[in-house]
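Right, one structure below, let's go through it.
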Amino acid sequence: MTEAQKPSAWLIDNADLLPARGGRILDVACGRGRHALWLAREGFGVRALDRDAGALDALRVAADGLGLALECEAIDLETDPPPDLGTTRYDAILVFHYLHRPLMPMLRRALVAGGRLFYETFTVDQAARGRPSHPHFLLEPGELRSLVAPLNVLRYREGDVGGRCVASVVAERGA
């Protein structure tokens, strides 16, 4: 498994906060599905969303090759208003290296009571290091905490992590 295929260190380091095996997980802007594959291997029910149909096709092929069942859906997450994700509620939602602020209310609502949001993306300091550099895709200092509110922040970090400037959170929906 290459580095690009491994799950994020933030997810691995906080795996103790994932739901019990068999829980339902939504992987938002999943790309080629490194998190979705790992979670399906661990026994979770996974729904993976991305607008890139080619990446989702590659994810389906990889999942089939590993004998894993997961749901893939091509969806444009940046519509106005944000897309309707249906009535399913999730034990955990993952968002890595993606930022579209208008999605946050929908993501919070899609969690079950006690469900957790695992989120990590780039901060404005990343622009000095290269990509991404457009402010639309970069968090201001402390912004991630306010975006996940009123969820309860369980773990948080912000700064230089492995040569990238990121903010990361695990936040829980109350009862």
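Identifiers for the structure tokens are assigned positionally: chains receive A, B, ... in sequence, residues are indexed from 1 per chain, and ligands are indexed from 1 in the order shown.
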DSSP-assigned strand (DSSP E or B) among stretch 26-97 of chain A, expressed as an mmCIF file with C-alpha atoms, in the first residue's frame:
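That gives us result_28.cif:
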data_model
loop_
_atom_site.group_PDB
_atom_site.id
_atom_site.type_symbol
_atom_site.label_atom_id
_atom_site.label_comp_id
_atom_site.auth_asym_id
_atom_site.auth_seq_id
_atom_site.Cartn_x
_atom_site.Cartn_y
_atom_site.Cartn_z
ATOM 1 C CA LEU A 26 -20.337 8.573 5.271
ATOM 2 C CA ASP A 27 -17.088 9.453 3.457
ATOM 3 C CA VAL A 28 -17.570 12.897 1.867
ATOM 4 C CA GLY A 45 -21.050 0.067 6.338
ATOM 5 C CA VAL A 46 -19.655 2.829 4.115
ATOM 6 C CA ARG A 47 -21.283 5.275 1.720
ATOM 7 C CA ALA A 48 -18.672 7.148 -0.328
ATOM 8 C CA LEU A 49 -19.483 10.397 -2.149
ATOM 9 C CA ASP A 50 -17.470 12.311 -4.722
ATOM 10 C CA GLU A 71 -21.893 2.207 -1.619
ATOM 11 C CA CYS A 72 -20.469 4.768 -4.057
ATOM 12 C CA GLU A 73 -22.366 7.771 -5.350
ATOM 13 C CA ALA A 74 -21.290 10.448 -7.809
ATOM 14 C CA TYR A 90 -24.607 8.194 10.156
ATOM 15 C CA ASP A 91 -22.589 7.044 13.150
ATOM 16 C CA ALA A 92 -19.588 8.877 11.704
ATOM 17 C CA ILE A 93 -18.896 11.264 8.838
ATOM 18 C CA LEU A 94 -15.424 11.764 7.382
ATOM 19 C CA VAL A 95 -14.183 14.778 5.428
ATOM 20 C CA PHE A 96 -10.500 15.004 4.517
#
- Item | 10 Å contact set for A:Gly174, only C-alpha atoms, chain neighbours under 3 positions out, as a list in words | Leu111, Val112, Ala113, Gly114, Gly115, Arg116, Pro150, Leu151, Asn152 and Ala171 of chain A
- Would you please work out which residue, of A:Arg101, A:His136, A:Arg131, A:Arg60, is nearest to A:Val148 when using only C-alpha atoms?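 Closest residue, counting only C-alpha atoms: A:Arg101.
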- Message: I'd like the contact shell of A:Gly67 - 12 Å cut-off, only C-alpha atoms, skipping same-chain residues fewer than 3 positions apart - returned as a PyMOL selection string.
- Response: chain A and resi 37+40-41+43+60-64+70
- Task: Within 7 Å of A:Gly31, counting only C-alpha atoms, which residues show up once you throw out same-chain ones fewer than 2 positions away? Write them as a list in words, please.
- Result: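 Contacts, in chain order: Ala29, Gly33, Asp50 and Ala55 of chain A.
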Please produce a file of the residues just selected, as a PDB file, in the first residue's frame, where the atoms kept are C-alpha atoms.
ATOM      1  CA  ALA A  29     -15.417  13.944  -1.110  1.00  0.00           C
ATOM      2  CA  GLY A  33     -11.547   6.027  -1.412  1.00  0.00           C
ATOM      3  CA  ASP A  50     -17.470  12.311  -4.722  1.00  0.00           C
ATOM      4  CA  ALA A  55     -12.361   8.061  -9.030  1.00  0.00           C
TER       5      ALA A  55
END
- Item | Straight-line distance linking atom CA of A:His134 with atom CA of A:Thr121, stated in Å to one decimal | 13.1 Å
- Query: A:Tyr98, A:Phe44, A:Phe137, A:Phe122: which is nearest A:Gly159, counting only C-alpha atoms?
  - Reply: A:Phe122
- Using DSSP on the backbone, list every residue of stretch 52-154 of chain A that comes out as helix (DSSP H, G or I), and give them as a PyMOL selection string. chain A and resi 53-66+101-109+124-129+135-137+143-148
- Message: Neighbouring residues of A:Thr79 were defined as those with any atom within 12 Å, considering only C-alpha atoms; residues of the same chain fewer than 2 positions away were excluded. Please report them as an MDAnalysis selection string.
- Response: chainID A and resid 51 75:77 81:84 100:103
Could you save those same residues with N, CA and C atoms as a PDB file, in the first residue's frame?
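So the final result, stored in selection-v9.pdb, reads:
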ATOM      1  N   ARG A  51     -17.642  13.852  -6.596  1.00  0.00           N
ATOM      2  CA  ARG A  51     -18.164  14.264  -7.900  1.00  0.00           C
ATOM      3  C   ARG A  51     -17.397  13.628  -9.049  1.00  0.00           C
ATOM      4  N   ILE A  75     -21.822  12.615  -6.892  1.00  0.00           N
ATOM      5  CA  ILE A  75     -22.692  13.725  -6.513  1.00  0.00           C
ATOM      6  C   ILE A  75     -21.865  15.008  -6.464  1.00  0.00           C
ATOM      7  N   ASP A  76     -22.447  16.076  -6.993  1.00  0.00           N
ATOM      8  CA  ASP A  76     -21.812  17.388  -6.909  1.00  0.00           C
ATOM      9  C   ASP A  76     -22.170  17.981  -5.553  1.00  0.00           C
ATOM     10  N   LEU A  77     -21.188  18.093  -4.693  1.00  0.00           N
ATOM     11  CA  LEU A  77     -21.399  18.578  -3.335  1.00  0.00           C
ATOM     12  C   LEU A  77     -21.462  20.098  -3.244  1.00  0.00           C
ATOM     13  N   PRO A  81     -28.913  25.200  -3.535  1.00  0.00           N
ATOM     14  CA  PRO A  81     -28.507  24.796  -2.194  1.00  0.00           C
ATOM     15  C   PRO A  81     -27.740  23.469  -2.228  1.00  0.00           C
ATOM     16  N   PRO A  82     -27.077  23.132  -1.112  1.00  0.00           N
ATOM     17  CA  PRO A  82     -26.336  21.866  -1.058  1.00  0.00           C
ATOM     18  C   PRO A  82     -27.253  20.685  -1.349  1.00  0.00           C
ATOM     19  N   PRO A  83     -26.691  19.591  -1.849  1.00  0.00           N
ATOM     20  CA  PRO A  83     -27.509  18.445  -2.214  1.00  0.00           C
ATOM     21  C   PRO A  83     -28.189  17.801  -1.011  1.00  0.00           C
ATOM     22  N   ASP A  84     -29.306  17.171  -1.287  1.00  0.00           N
ATOM     23  CA  ASP A  84     -30.034  16.433  -0.258  1.00  0.00           C
ATOM     24  C   ASP A  84     -29.413  15.045  -0.163  1.00  0.00           C
ATOM     25  N   HIS A 100     -16.048  22.923   1.782  1.00  0.00           N
ATOM     26  CA  HIS A 100     -17.160  23.660   1.173  1.00  0.00           C
ATOM     27  C   HIS A 100     -18.078  24.038   2.329  1.00  0.00           C
ATOM     28  N   ARG A 101     -17.889  25.219   2.822  1.00  0.00           N
ATOM     29  CA  ARG A 101     -18.550  25.670   4.044  1.00  0.00           C
ATOM     30  C   ARG A 101     -20.066  25.479   4.052  1.00  0.00           C
ATOM     31  N   PRO A 102     -20.782  25.701   2.928  1.00  0.00           N
ATOM     32  CA  PRO A 102     -22.237  25.527   2.968  1.00  0.00           C
ATOM     33  C   PRO A 102     -22.704  24.099   3.293  1.00  0.00           C
ATOM     34  N   LEU A 103     -21.830  23.116   3.220  1.00  0.00           N
ATOM     35  CA  LEU A 103     -22.196  21.728   3.553  1.00  0.00           C
ATOM     36  C   LEU A 103     -22.280  21.468   5.051  1.00  0.00           C
TER      37      LEU A 103
END
Tell me, as a CSV table (one decimal) with C-alpha atoms, in the first residue's frame, which residues lie within 7 Å of stretch 142-147 of chain A, counting only C-alpha atoms; anything in the same chain fewer than 3 positions away does not count.
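And here is the file that came out, part14.csv:
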chain,number,residue,atom,x,y,z
A,104,MET,CA,-21.5,22.0,7.3
A,139,LEU,CA,-9.6,27.7,6.9
A,167,ALA,CA,-6.8,21.9,11.2
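Going from atom CA of A:Leu154 over to atom CA of A:Ser168, you cover 10.9 Å.
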- Mind checking which residues fall within 8 Å of A:Pro7, counting only C-alpha atoms, ignoring those fewer than 6 positions away in the same chain, and posting them as a list in words? Arg34, His35 and Trp38 of chain A
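One distance worth recording is that between atom CA of A:Val166 and atom CA of A:Thr123, which is 5.1 Å.
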- Between A:Gly23, A:Pro141, A:Gly86, A:Gly54, which one has atoms that come closest to A:Arg109, using only C-alpha atoms?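 With only C-alpha atoms as the atom set, the closest residue is A:Gly86.
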